[in-house]
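Structure file coords-v3.cif with mmCIF, C-alpha atoms:
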```
data_run
#
loop_
_atom_site.label_atom_id
_atom_site.label_comp_id
_atom_site.auth_asym_id
_atom_site.auth_seq_id
_atom_site.Cartn_x
_atom_site.Cartn_y
_atom_site.Cartn_z
CA MET A 1136 31.88 -39.67 -24.75
CA THR A 1137 32.15 -37.15 -21.94
CA GLU A 1138 31.26 -33.59 -22.91
CA GLN A 1139 34.11 -31.11 -22.45
CA TRP A 1140 33.86 -27.34 -22.10
CA ASN A 1141 36.64 -24.78 -22.14
CA ILE A 1142 36.00 -22.12 -19.53
CA THR A 1143 37.90 -19.31 -17.88
CA LEU A 1144 37.69 -19.60 -14.13
CA ARG A 1145 38.03 -16.10 -12.69
CA ILE A 1146 38.89 -16.29 -9.00
CA TYR A 1147 38.90 -13.41 -6.51
CA ARG A 1148 42.29 -13.15 -4.82
CA GLN A 1149 43.11 -11.20 -1.69
CA LYS A 1150 45.93 -11.87 0.72
CA GLU A 1151 46.87 -10.00 3.87
CA ASN A 1152 47.75 -6.38 3.11
CA GLU A 1153 47.33 -6.88 -0.62
CA ALA A 1154 44.89 -5.17 -2.96
CA PRO A 1155 42.16 -7.53 -4.18
CA HIS A 1156 42.27 -8.68 -7.79
CA PHE A 1157 41.09 -11.54 -9.98
CA ASP A 1158 43.21 -14.38 -11.40
CA ASN A 1159 42.07 -16.16 -14.56
CA PHE A 1160 42.55 -19.89 -15.06
CA LYS A 1161 41.74 -21.41 -18.43
CA MET A 1162 40.68 -25.01 -18.06
CA GLU A 1163 38.81 -27.87 -19.60
CA VAL A 1164 35.87 -29.07 -17.56
CA ASN A 1165 33.00 -31.48 -17.78
CA PRO A 1166 29.90 -29.26 -17.53
CA ASP A 1167 28.34 -31.82 -15.22
CA GLU A 1168 31.08 -31.26 -12.67
CA TYR A 1169 30.48 -28.84 -9.85
CA VAL A 1170 31.91 -25.35 -9.44
CA LEU A 1171 33.90 -26.55 -6.43
CA ASP A 1172 35.58 -29.16 -8.67
CA ALA A 1173 36.81 -26.37 -10.95
CA VAL A 1174 38.13 -24.34 -7.99
CA GLU A 1175 39.90 -27.43 -6.66
CA ARG A 1176 41.41 -28.06 -10.10
CA ALA A 1177 42.71 -24.48 -10.22
CA TRP A 1178 44.27 -25.06 -6.80
CA ALA A 1179 45.68 -28.52 -7.65
CA PHE A 1180 47.12 -27.80 -11.10
CA HIS A 1181 47.59 -24.04 -11.34
CA ASP A 1182 48.10 -22.26 -8.04
CA ARG A 1183 48.52 -23.91 -4.65
CA THR A 1184 48.12 -20.58 -2.85
CA ILE A 1185 44.39 -20.31 -3.64
CA CYS A 1186 42.58 -20.39 -0.31
CA PHE A 1187 39.00 -21.65 -0.04
CA ARG A 1188 36.82 -23.53 2.43
CA HIS A 1189 35.35 -26.96 1.68
CA ALA A 1190 34.70 -30.19 3.49
CA CYS A 1191 31.82 -32.57 2.84
CA HIS A 1192 31.18 -32.01 -0.89
CA HIS A 1193 27.50 -32.94 -0.48
CA SER A 1194 25.80 -29.80 0.89
CA THR A 1195 25.82 -30.83 4.52
CA CYS A 1196 28.67 -28.84 6.04
CA GLY A 1197 27.91 -25.45 4.46
CA ALA A 1198 31.60 -24.61 4.10
CA CYS A 1199 31.86 -23.96 0.37
CA GLY A 1200 29.43 -21.05 0.02
CA MET A 1201 30.72 -18.54 -2.55
CA ARG A 1202 29.38 -16.03 -5.04
CA VAL A 1203 29.26 -17.60 -8.48
CA ASN A 1204 28.76 -15.08 -11.28
CA GLY A 1205 27.37 -12.69 -8.69
CA VAL A 1206 24.91 -15.06 -7.03
CA GLU A 1207 25.39 -16.95 -3.76
CA LYS A 1208 25.79 -20.68 -4.34
CA LEU A 1209 26.87 -23.73 -2.43
CA THR A 1210 29.60 -24.61 -4.91
CA CYS A 1211 29.65 -28.35 -4.12
CA ILE A 1212 26.15 -28.77 -5.55
CA THR A 1213 26.21 -26.11 -8.28
CA LEU A 1214 26.68 -27.66 -11.70
CA ILE A 1215 29.01 -25.74 -14.02
CA ARG A 1216 26.39 -26.27 -16.75
CA ASP A 1217 23.84 -24.28 -14.73
CA VAL A 1218 25.98 -21.16 -14.22
CA THR A 1219 28.04 -20.69 -17.40
CA LYS A 1220 28.41 -21.93 -20.95
CA ASN A 1221 31.14 -23.36 -23.14
CA GLY A 1222 33.82 -20.74 -23.84
CA ALA A 1223 32.51 -18.36 -21.20
CA THR A 1224 33.84 -17.07 -17.88
CA LEU A 1225 32.95 -18.41 -14.47
CA LYS A 1226 33.54 -15.77 -11.81
CA VAL A 1227 33.96 -16.97 -8.22
CA GLU A 1228 34.08 -14.52 -5.32
CA PRO A 1229 33.91 -14.82 -1.52
CA LEU A 1230 30.59 -14.30 0.23
CA ARG A 1231 29.71 -10.65 0.82
CA ASN A 1232 29.26 -9.13 4.25
CA PHE A 1233 31.97 -11.24 5.87
CA PRO A 1234 35.59 -10.20 6.44
CA VAL A 1235 37.85 -11.92 3.91
CA VAL A 1236 40.47 -14.11 5.59
CA SER A 1237 42.20 -15.07 2.36
CA ASP A 1238 40.93 -15.27 -1.24
CA LEU A 1239 37.61 -17.12 -1.12
CA ALA A 1240 37.70 -17.93 2.58
CA VAL A 1241 35.76 -15.60 4.86
CA ASP A 1242 35.59 -15.23 8.64
CA MET A 1243 32.31 -16.80 9.74
CA GLY A 1244 32.96 -15.94 13.40
CA PRO A 1245 30.58 -12.95 13.75
CA PHE A 1246 27.83 -14.97 12.08
CA TYR A 1247 28.35 -18.01 14.30
CA ARG A 1248 28.25 -15.78 17.39
CA LYS A 1249 24.84 -14.46 16.32
CA MET A 1250 23.62 -18.02 15.78
CA GLU A 1251 24.83 -18.88 19.27
CA ALA A 1252 23.14 -15.79 20.74
CA VAL A 1253 19.74 -17.01 19.56
CA GLY A 1254 20.44 -20.56 20.71
CA ALA A 1255 20.39 -22.08 17.21
CA ARG A 1256 19.77 -25.80 17.50
CA PRO A 1257 21.98 -28.02 15.32
CA VAL A 1258 19.66 -30.92 16.08
CA LEU A 1259 16.07 -30.95 17.28
CA PRO A 1260 13.46 -33.52 18.27
CA VAL A 1261 11.77 -34.88 15.18
CA THR A 1262 8.41 -33.98 16.72
CA GLU A 1263 9.34 -30.27 16.59
CA ALA A 1264 10.78 -30.26 13.08
CA GLU A 1265 9.04 -28.86 10.04
CA ILE A 1266 8.86 -32.03 7.94
CA GLU A 1267 6.90 -33.07 4.92
CA ASN A 1268 3.83 -35.16 5.65
CA PRO A 1269 4.12 -35.34 9.44
CA PRO A 1270 1.92 -37.93 11.13
CA ALA A 1271 -1.48 -36.78 12.31
CA LYS A 1272 -0.38 -37.53 15.87
CA TRP A 1273 3.11 -38.25 17.21
CA ASP A 1274 3.58 -41.18 19.57
CA THR A 1275 4.81 -40.18 23.02
CA ASP A 1276 8.16 -41.91 22.54
CA ASP A 1277 8.79 -40.23 19.14
CA ALA A 1278 10.26 -37.20 20.95
CA GLN A 1279 13.39 -39.23 21.70
CA TYR A 1280 14.29 -39.18 18.00
CA ILE A 1281 16.28 -36.24 16.76
CA ARG A 1282 17.14 -34.89 13.34
CA LEU A 1283 19.62 -32.37 12.00
CA SER A 1284 18.37 -28.83 11.70
CA ASP A 1285 17.71 -27.73 8.12
CA CYS A 1286 20.05 -24.74 8.42
CA ILE A 1287 23.64 -25.72 7.55
CA GLU A 1288 24.97 -22.29 8.56
CA CYS A 1289 26.53 -21.68 5.14
CA GLY A 1290 26.01 -17.91 5.31
CA LEU A 1291 24.56 -17.56 1.80
CA CYS A 1292 21.55 -15.70 3.17
CA ILE A 1293 23.78 -13.22 4.99
CA SER A 1294 25.65 -12.53 1.76
CA ALA A 1295 22.51 -12.13 -0.34
CA CYS A 1296 20.69 -9.80 2.07
CA PRO A 1297 21.03 -6.13 0.97
CA VAL A 1298 20.08 -4.92 4.45
CA MET A 1299 22.95 -6.95 5.90
CA ALA A 1300 25.31 -5.13 3.50
CA THR A 1301 24.65 -1.79 5.18
CA THR A 1302 23.87 -2.80 8.76
CA PRO A 1303 26.51 -4.98 10.43
CA GLU A 1304 24.50 -5.02 13.68
CA TYR A 1305 21.51 -6.64 11.99
CA LEU A 1306 21.02 -10.21 13.25
CA GLY A 1307 20.40 -11.44 9.72
CA PRO A 1308 18.22 -14.10 8.12
CA ALA A 1309 19.71 -17.35 9.47
CA PRO A 1310 19.89 -16.23 13.13
CA LEU A 1311 16.32 -14.89 12.95
CA ALA A 1312 15.19 -18.17 11.36
CA ALA A 1313 16.92 -20.03 14.19
CA ALA A 1314 15.12 -17.83 16.73
CA GLN A 1315 11.81 -18.64 15.04
CA ASP A 1316 12.69 -22.32 15.21
CA ASN A 1317 13.19 -22.00 18.95
CA GLY A 1318 10.03 -19.94 19.39
CA ILE A 1319 9.35 -17.03 21.75
CA LYS A 1320 7.06 -19.14 23.91
CA ARG A 1321 9.72 -21.80 24.45
CA LYS A 1322 12.53 -19.27 24.94
CA PRO A 1323 11.04 -15.97 26.18
CA GLU A 1324 14.54 -14.51 26.60
CA LEU A 1325 14.76 -14.36 22.80
CA LEU A 1326 12.25 -11.51 22.80
CA SER A 1327 14.84 -8.96 23.90
CA ILE A 1328 17.24 -10.16 21.18
CA VAL A 1329 14.82 -10.16 18.24
CA ASP A 1330 12.30 -7.44 19.17
CA CYS A 1331 14.61 -4.52 18.57
CA GLU A 1332 15.91 -2.18 15.89
CA ASP A 1333 18.46 -4.65 14.56
CA GLY A 1334 16.31 -7.69 15.10
CA VAL A 1335 13.18 -8.88 13.38
CA TRP A 1336 12.05 -5.37 12.39
CA ARG A 1337 15.19 -4.61 10.37
CA CYS A 1338 14.16 -7.06 7.62
CA HIS A 1339 12.91 -5.20 4.54
CA SER A 1340 11.17 -8.15 2.88
CA VAL A 1341 13.65 -8.60 0.03
CA PHE A 1342 13.28 -12.41 0.13
CA GLU A 1343 16.78 -12.99 -1.33
CA CYS A 1344 17.62 -15.13 1.71
CA THR A 1345 14.95 -17.63 0.75
CA ALA A 1346 15.95 -17.44 -2.92
CA VAL A 1347 19.57 -18.47 -2.27
CA CYS A 1348 19.08 -20.87 0.66
CA PRO A 1349 20.35 -24.30 -0.49
CA SER A 1350 18.70 -26.07 2.41
CA PHE A 1351 15.06 -24.94 2.10
CA VAL A 1352 15.09 -23.18 5.46
CA ASP A 1353 12.97 -20.37 3.96
CA PRO A 1354 14.34 -17.69 6.31
CA ALA A 1355 12.04 -14.95 4.95
CA ARG A 1356 8.90 -16.90 5.86
CA ARG A 1357 10.35 -17.68 9.27
CA ILE A 1358 11.16 -14.00 9.88
CA MET A 1359 7.56 -13.05 9.06
CA ASP A 1360 6.35 -15.78 11.42
CA LEU A 1361 8.71 -14.53 14.12
CA ARG A 1362 7.17 -11.06 13.74
CA LYS A 1363 3.77 -12.60 14.47
CA GLN A 1364 5.25 -14.29 17.53
CA VAL A 1365 6.73 -10.98 18.72
CA VAL A 1366 3.45 -9.11 18.21
CA GLY A 1367 1.64 -11.92 20.05
CA ALA A 1368 4.06 -11.62 22.96
CA ARG A 1369 3.57 -7.87 23.08
CA VAL A 1370 -0.23 -8.24 23.11
CA ARG A 1371 -0.02 -10.84 25.88
CA LYS A 1372 2.22 -8.47 27.84
CA LEU A 1373 -0.29 -5.65 27.30
CA PHE A 1374 -2.96 -7.78 28.96
CA GLY A 1375 -0.65 -8.94 31.72
CA LYS A 1376 -0.30 -12.48 30.38
CA ALA A 1377 3.41 -12.39 29.61
CA MET B 573 42.08 -10.00 9.13
CA ASN B 574 42.04 -8.46 5.66
CA ASN B 575 40.68 -5.06 4.74
CA THR B 576 37.12 -3.97 5.32
CA ARG B 577 36.17 -4.03 1.63
CA ASN B 578 33.98 -7.09 2.03
CA GLN B 579 32.38 -6.13 5.31
CA PRO B 580 29.00 -4.46 5.90
CA SER B 581 29.03 -0.68 5.89
CA ALA B 582 26.39 2.04 5.66
CA ARG B 583 28.32 3.40 2.70
CA LYS B 584 27.40 0.31 0.72
CA PHE B 585 23.83 1.51 0.17
CA TRP B 586 24.48 1.50 -3.58
CA SER B 587 24.38 -2.30 -3.45
CA TRP B 588 20.64 -1.96 -2.78
CA PHE B 589 20.23 -0.87 -6.38
CA MET B 590 22.21 -3.67 -8.02
CA PRO B 591 19.53 -6.11 -9.14
CA VAL B 592 21.85 -8.16 -11.42
CA GLY B 593 21.39 -11.83 -10.60
CA ARG B 594 18.71 -10.97 -8.08
CA GLN B 595 15.04 -11.88 -7.93
CA ALA B 596 11.72 -10.04 -7.84
CA GLY B 597 12.06 -9.22 -4.13
CA SER B 598 15.26 -7.25 -4.79
CA TRP B 599 13.72 -5.39 -7.71
CA ALA B 600 10.77 -4.48 -5.48
CA PHE B 601 13.16 -3.37 -2.72
CA ALA B 602 15.16 -1.17 -5.12
CA LEU B 603 12.01 0.23 -6.71
CA ASN B 604 10.61 1.17 -3.30
CA ARG B 605 13.79 3.02 -2.37
CA ILE B 606 14.03 4.89 -5.68
CA THR B 607 10.37 5.97 -5.54
CA ALA B 608 10.76 6.94 -1.86
CA ILE B 609 13.74 9.17 -2.67
CA GLY B 610 11.79 10.72 -5.56
CA LEU B 611 8.70 11.35 -3.43
CA THR B 612 10.78 12.88 -0.63
CA PHE B 613 12.40 15.23 -3.15
CA TYR B 614 8.94 16.10 -4.48
CA LEU B 615 7.65 16.83 -0.97
CA PHE B 616 10.27 19.55 -0.48
CA LEU B 617 9.59 20.90 -3.98
CA HIS B 618 5.86 20.97 -3.19
CA LEU B 619 6.43 22.85 0.07
CA GLY B 620 8.63 25.32 -1.82
CA VAL B 621 5.90 25.92 -4.37
CA LEU B 622 3.25 26.34 -1.67
CA SER B 623 5.46 28.91 0.02
CA LEU B 624 4.89 31.11 -3.05
CA LEU B 625 1.43 31.75 -1.62
CA ALA B 626 3.11 33.84 1.06
CA GLN B 627 4.17 36.20 -1.71
CA GLY B 628 0.55 36.72 -2.79
CA PRO B 629 -1.83 35.22 -5.35
CA GLY B 630 0.11 36.69 -8.27
CA ALA B 631 3.27 34.73 -7.51
CA TYR B 632 1.33 31.47 -7.24
CA ASP B 633 -0.62 32.12 -10.43
CA ASP B 634 2.62 32.80 -12.29
CA PHE B 635 3.85 29.37 -11.18
CA LEU B 636 0.61 27.68 -12.25
CA VAL B 637 1.21 28.88 -15.81
CA LEU B 638 4.37 26.76 -15.76
CA THR B 639 2.35 23.60 -15.11
CA GLU B 640 1.22 23.65 -18.75
CA ASN B 641 4.86 23.11 -19.76
CA PRO B 642 5.18 19.51 -21.11
CA PHE B 643 8.30 18.85 -19.03
CA ILE B 644 6.54 19.91 -15.81
CA LYS B 645 3.60 17.68 -16.81
CA LEU B 646 6.02 14.80 -17.29
CA GLY B 647 7.37 15.50 -13.81
CA GLU B 648 3.85 15.45 -12.40
CA LEU B 649 3.23 12.11 -14.10
CA ALA B 650 6.47 10.79 -12.58
CA VAL B 651 5.22 11.84 -9.11
CA VAL B 652 1.90 10.08 -9.68
CA ALA B 653 3.68 6.96 -10.97
CA ALA B 654 6.09 6.94 -8.00
CA ALA B 655 3.21 7.31 -5.52
CA ILE B 656 1.25 4.44 -7.11
CA LEU B 657 4.27 2.11 -7.36
CA HIS B 658 5.43 2.90 -3.83
CA GLY B 659 1.94 2.64 -2.33
CA LEU B 660 1.00 -0.67 -3.91
CA ASN B 661 4.42 -2.20 -3.25
CA GLY B 662 4.01 -1.00 0.34
CA ILE B 663 0.72 -2.87 0.64
CA ARG B 664 2.53 -6.02 -0.54
CA ILE B 665 5.17 -5.52 2.15
CA ILE B 666 2.53 -4.97 4.86
CA LEU B 667 0.73 -8.15 3.81
CA THR B 668 3.86 -10.32 3.72
CA SER B 669 5.25 -8.79 6.91
CA PHE B 670 2.36 -10.29 8.81
CA GLY B 671 2.35 -13.63 7.10
CA VAL B 672 -0.18 -12.99 4.32
CA GLY B 673 0.96 -14.33 0.95
CA VAL B 674 4.59 -14.84 2.03
CA THR B 675 5.05 -17.83 -0.26
CA ARG B 676 3.32 -15.91 -3.06
CA GLN B 677 5.30 -12.67 -2.69
CA LYS B 678 6.57 -12.75 -6.28
CA GLN B 679 3.08 -13.15 -7.68
CA LEU B 680 1.88 -10.37 -5.36
CA PHE B 681 4.64 -8.11 -6.69
CA TYR B 682 3.84 -8.85 -10.33
CA GLY B 683 0.12 -8.40 -9.67
CA PHE B 684 0.54 -5.05 -7.92
CA MET B 685 2.93 -3.86 -10.62
CA LEU B 686 0.39 -4.77 -13.29
CA ILE B 687 -2.25 -2.75 -11.43
CA SER B 688 0.25 0.12 -11.12
CA VAL B 689 0.95 0.17 -14.85
CA LEU B 690 -2.78 0.19 -15.63
CA VAL B 691 -3.46 3.06 -13.22
CA ILE B 692 -0.45 5.03 -14.54
CA LEU B 693 -1.71 4.56 -18.10
CA ILE B 694 -5.15 5.89 -17.09
CA PHE B 695 -3.51 8.92 -15.46
CA THR B 696 -1.37 9.47 -18.56
CA ALA B 697 -4.41 9.37 -20.82
CA ARG B 698 -6.24 11.89 -18.62
CA MET B 699 -3.26 14.25 -18.29
CA TYR B 700 -2.47 14.43 -22.01
#
```
Since I need it in another form, could you write the structure as structure tokens?
Amino acid sequence: MTEQWNITLRIYRQKENEAPHFDNFKMEVNPDEYVLDAVERAWAFHDRTICFRHACHHSTCGACGMRVNGVEKLTCITLIRDVTKNGATLKVEPLRNFPVVSDLAVDMGPFYRKMEAVGARPVLPVTEAEIENPPAKWDTDDAQYIRLSDCIECGLCISACPVMATTPEYLGPAPLAAAQDNGIKRKPELLSIVDCEDGVWRCHSVFECTAVCPSFVDPARRIMDLRKQVVGARVRKLFGKA
Amino acid sequence: MNNTRNQPSARKFWSWFMPVGRQAGSWAFALNRITAIGLTFYLFLHLGVLSLLAQGPGAYDDFLVLTENPFIKLGELAVVAAAILHGLNGIRIILTSFGVGVTRQKQLFYGFMLISVLVILIFTARMY
């Protein structure tokens, strides 16, 4: 028999020119359902005005990022069992550090523009990807094969970063990780974007970006690697080898 | 677009100190800021005390008598503890910032905090 839990889904609500508040929805759920299922149920059976973003339901589109009980989660792959218990409350809020469009939906525009500024690659040649157990040597024609980039641009890292909360100009974890993926040597024009006050040096090594990333991009490690690339470029410039 | 409540702002610095639901990196970040604020406050206090020397040896000696007060001693211990915590956490940040131990940053934090506690205990034993 399917296990059933009674939970209170507490959803952040904010419409244009209205003060933000929370609405509570008592519902019966299967704990092995996902948080997004509960939000959809609240929308379908309780309140059709709840606004939230979702699309693929399998952690590929990055649309359903929200804060679940205070922690950034991709709600389509977050089991209710893992974030609450029977009889308890499940609080769902929009991502931090993004303007709220309506309820749980935030404006990703500023974030996408930063990703575009660093030339984030949605796909890349398989020979340039960080993959598990790569071959000792790629064949020359392997470069024709491409794969999706690990980053699904969900924005969880932007929401989790405390530096991002106080510095809107900061590029942020995902764009810096995308810059590292491109590499300073391949795209020297990136140097002026990342080697500045609000670029790679603004990171304060909090590592929350890596902790919440649902796609194993490991932005913190990539930011540290990008710093090495920047220092390398500066040293080369010092010796006239730019 | 809705209000600016959810958008980044310098006034949201308090969120730096909200470690609920966060991991070791956030605790380390908050700890470094708290100890930095404490040490900065102490620096000004220290300069104020040193300025007593301008009023002659008597004024400074009168202050030194105060250092035997248990509350002042506790304050001194807090300064020592803040310096040790901030310094060792700073070494962790320097290491990870240049790619050393990035994937082991949590273990580095716990290790340095363990060393900090041991050193603080030694200082406590010597001061009291």
Write out, as CSV, each residue of chain B that has an atom at most 12 Å from chain A, together with the closest pair of atoms and their distance in Å to one decimal, counting only C-alpha atoms, rows going by chain and rising number.
```
residue,atom,partner,partner_atom,distance
B:Met573,CA,A:Val1236,CA,5.7
B:Asn574,CA,A:Glu1151,CA,5.4
B:Asn575,CA,A:Asn1152,CA,7.4
B:Thr576,CA,A:Pro1234,CA,6.5
B:Arg577,CA,A:Pro1234,CA,7.8
B:Asn578,CA,A:Asn1232,CA,5.6
B:Gln579,CA,A:Asn1232,CA,4.5
B:Pro580,CA,A:Ala1300,CA,4.5
B:Ser581,CA,A:Thr1301,CA,4.6
B:Ala582,CA,A:Thr1301,CA,4.2
B:Arg583,CA,A:Thr1301,CA,6.8
B:Lys584,CA,A:Thr1301,CA,5.6
B:Phe585,CA,A:Thr1301,CA,6.1
B:Trp586,CA,A:Thr1301,CA,9.4
B:Ser587,CA,A:Pro1297,CA,6.7
B:Trp588,CA,A:Pro1297,CA,5.6
B:Phe589,CA,A:Pro1297,CA,9.1
B:Met590,CA,A:Pro1297,CA,9.4
B:Pro591,CA,A:Pro1297,CA,10.2
B:Val592,CA,A:Gly1205,CA,7.6
B:Gly593,CA,A:Val1206,CA,6.0
B:Arg594,CA,A:Glu1343,CA,7.3
B:Gln595,CA,A:Glu1343,CA,6.9
B:Ala596,CA,A:Val1341,CA,8.2
B:Gly597,CA,A:Val1341,CA,4.5
B:Ser598,CA,A:Val1341,CA,5.3
B:Trp599,CA,A:Val1341,CA,8.4
B:Ala600,CA,A:Val1341,CA,7.5
B:Phe601,CA,A:Val1341,CA,5.9
B:Ala602,CA,A:Val1341,CA,9.2
B:Leu603,CA,A:Val1341,CA,11.2
B:Asn604,CA,A:His1339,CA,10.4
B:Arg605,CA,A:His1339,CA,10.8
B:Asn661,CA,A:Ser1340,CA,10.9
B:Gly662,CA,A:Ser1340,CA,10.4
B:Ile663,CA,A:Ser1340,CA,11.9
B:Arg664,CA,A:Ser1340,CA,9.5
B:Ile665,CA,A:Ser1340,CA,6.6
B:Ile666,CA,A:Ser1340,CA,9.4
B:Leu667,CA,A:Met1359,CA,9.9
B:Thr668,CA,A:Met1359,CA,7.0
B:Ser669,CA,A:Met1359,CA,5.3
B:Phe670,CA,A:Met1359,CA,5.9
B:Gly671,CA,A:Met1359,CA,5.6
B:Val672,CA,A:Met1359,CA,9.1
B:Gly673,CA,A:Arg1356,CA,9.7
B:Val674,CA,A:Arg1356,CA,6.1
B:Thr675,CA,A:Arg1356,CA,7.3
B:Arg676,CA,A:Arg1356,CA,10.6
B:Gln677,CA,A:Phe1342,CA,8.5
B:Lys678,CA,A:Phe1342,CA,9.3
B:Phe681,CA,A:Val1341,CA,11.3
```
Set the distance at 12 Å and use all atoms listed in the file: which residues neighbour range 696-699 of chain B once local chain neighbours fewer than 4 positions away are removed? I'd like the list as an MDAnalysis selection string. chainID B and resid 639:640 642 644:653 689:692
Record the distance separating CA of Met685 in chain B and CA of Ile656 in chain B, expressed in Å with one decimal.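 Calculated distance between CA of Met685 in chain B and CA of Ile656 in chain B is 9.2 Å.
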Residues in the PyMOL selection byres ((chain A and resi 1198) around 8), expressed as a VMD selection string: chain A and resid 1188 to 1190 1196 to 1197 1199 to 1200 1289
So that I can check the surroundings of Ala1223 in chain A, please list as a PDB file with C-alpha atoms, keeping the file's coordinate frame every protein, DNA and RNA residue that reaches within 12 Å of it, counting only C-alpha atoms and ignoring chain neighbours fewer than 6 positions away.
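part_16.pdb was written with the following content:
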```
ATOM      1  CA  TRP A1140      33.860 -27.340 -22.100  1.00  0.00           C
ATOM      2  CA  ASN A1141      36.640 -24.780 -22.140  1.00  0.00           C
ATOM      3  CA  ILE A1142      36.000 -22.120 -19.530  1.00  0.00           C
ATOM      4  CA  THR A1143      37.900 -19.310 -17.880  1.00  0.00           C
ATOM      5  CA  LEU A1144      37.690 -19.600 -14.130  1.00  0.00           C
ATOM      6  CA  ARG A1145      38.030 -16.100 -12.690  1.00  0.00           C
ATOM      7  CA  ASN A1159      42.070 -16.160 -14.560  1.00  0.00           C
ATOM      8  CA  PHE A1160      42.550 -19.890 -15.060  1.00  0.00           C
ATOM      9  CA  LYS A1161      41.740 -21.410 -18.430  1.00  0.00           C
ATOM     10  CA  MET A1162      40.680 -25.010 -18.060  1.00  0.00           C
ATOM     11  CA  GLU A1163      38.810 -27.870 -19.600  1.00  0.00           C
ATOM     12  CA  VAL A1164      35.870 -29.070 -17.560  1.00  0.00           C
ATOM     13  CA  PRO A1166      29.900 -29.260 -17.530  1.00  0.00           C
ATOM     14  CA  ASN A1204      28.760 -15.080 -11.280  1.00  0.00           C
ATOM     15  CA  ILE A1215      29.010 -25.740 -14.020  1.00  0.00           C
ATOM     16  CA  ARG A1216      26.390 -26.270 -16.750  1.00  0.00           C
TER      17      ARG A1216
END
```
Suppose you want the space between CA of Cys1292 in chain A and CA of Ile1319 in chain A; what is it in Å?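 Taking CA of Cys1292 in chain A as the start and CA of Ile1319 in chain A as the end point, the length is 22.3 Å.
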Provide the CA of Arg1148 in chain A to CA of Ile1185 in chain A distance in Å, to one decimal place. 7.6 Å
Selected by the PyMOL selection byres ((chain A and resi 1210) around 6) in the shown coordinates: which residues, as a VMD selection string? chain A and resid 1170 to 1171 1199 1208 to 1209 1211 to 1213
Could you tell me which residues the PyMOL selection byres ((chain A and resi 1157) around 6) returns for this structure, as a list in words?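 The output of the PyMOL selection byres ((chain A and resi 1157) around 6) on this file is Ile1146, Tyr1147, Arg1148, His1156 and Asp1158 of chain A.
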Store the residues picked out above in a file with C-alpha atoms, as a CSV table (one decimal), in the coordinates of the input.
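Written output follows (out_23.csv):
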```
chain,number,residue,atom,x,y,z
A,1146,ILE,CA,38.9,-16.3,-9.0
A,1147,TYR,CA,38.9,-13.4,-6.5
A,1148,ARG,CA,42.3,-13.2,-4.8
A,1156,HIS,CA,42.3,-8.7,-7.8
A,1158,ASP,CA,43.2,-14.4,-11.4
```
Any idea what's packed within 12 Å of range 1252-1263 of chain A, counting only C-alpha atoms, ignoring anything in its chain fewer than 5 positions away? Could you give it as a ChimeraX atom specification? /A:1195-1196,1245-1247,1269-1288,1306-1319,1321-1329,1334
Just checking: using only C-alpha atoms, which residue out of A:Arg1369, A:Ser1350, A:Glu1228, A:Asp1217 ends up closest to Phe1187 in chain A? A:Glu1228
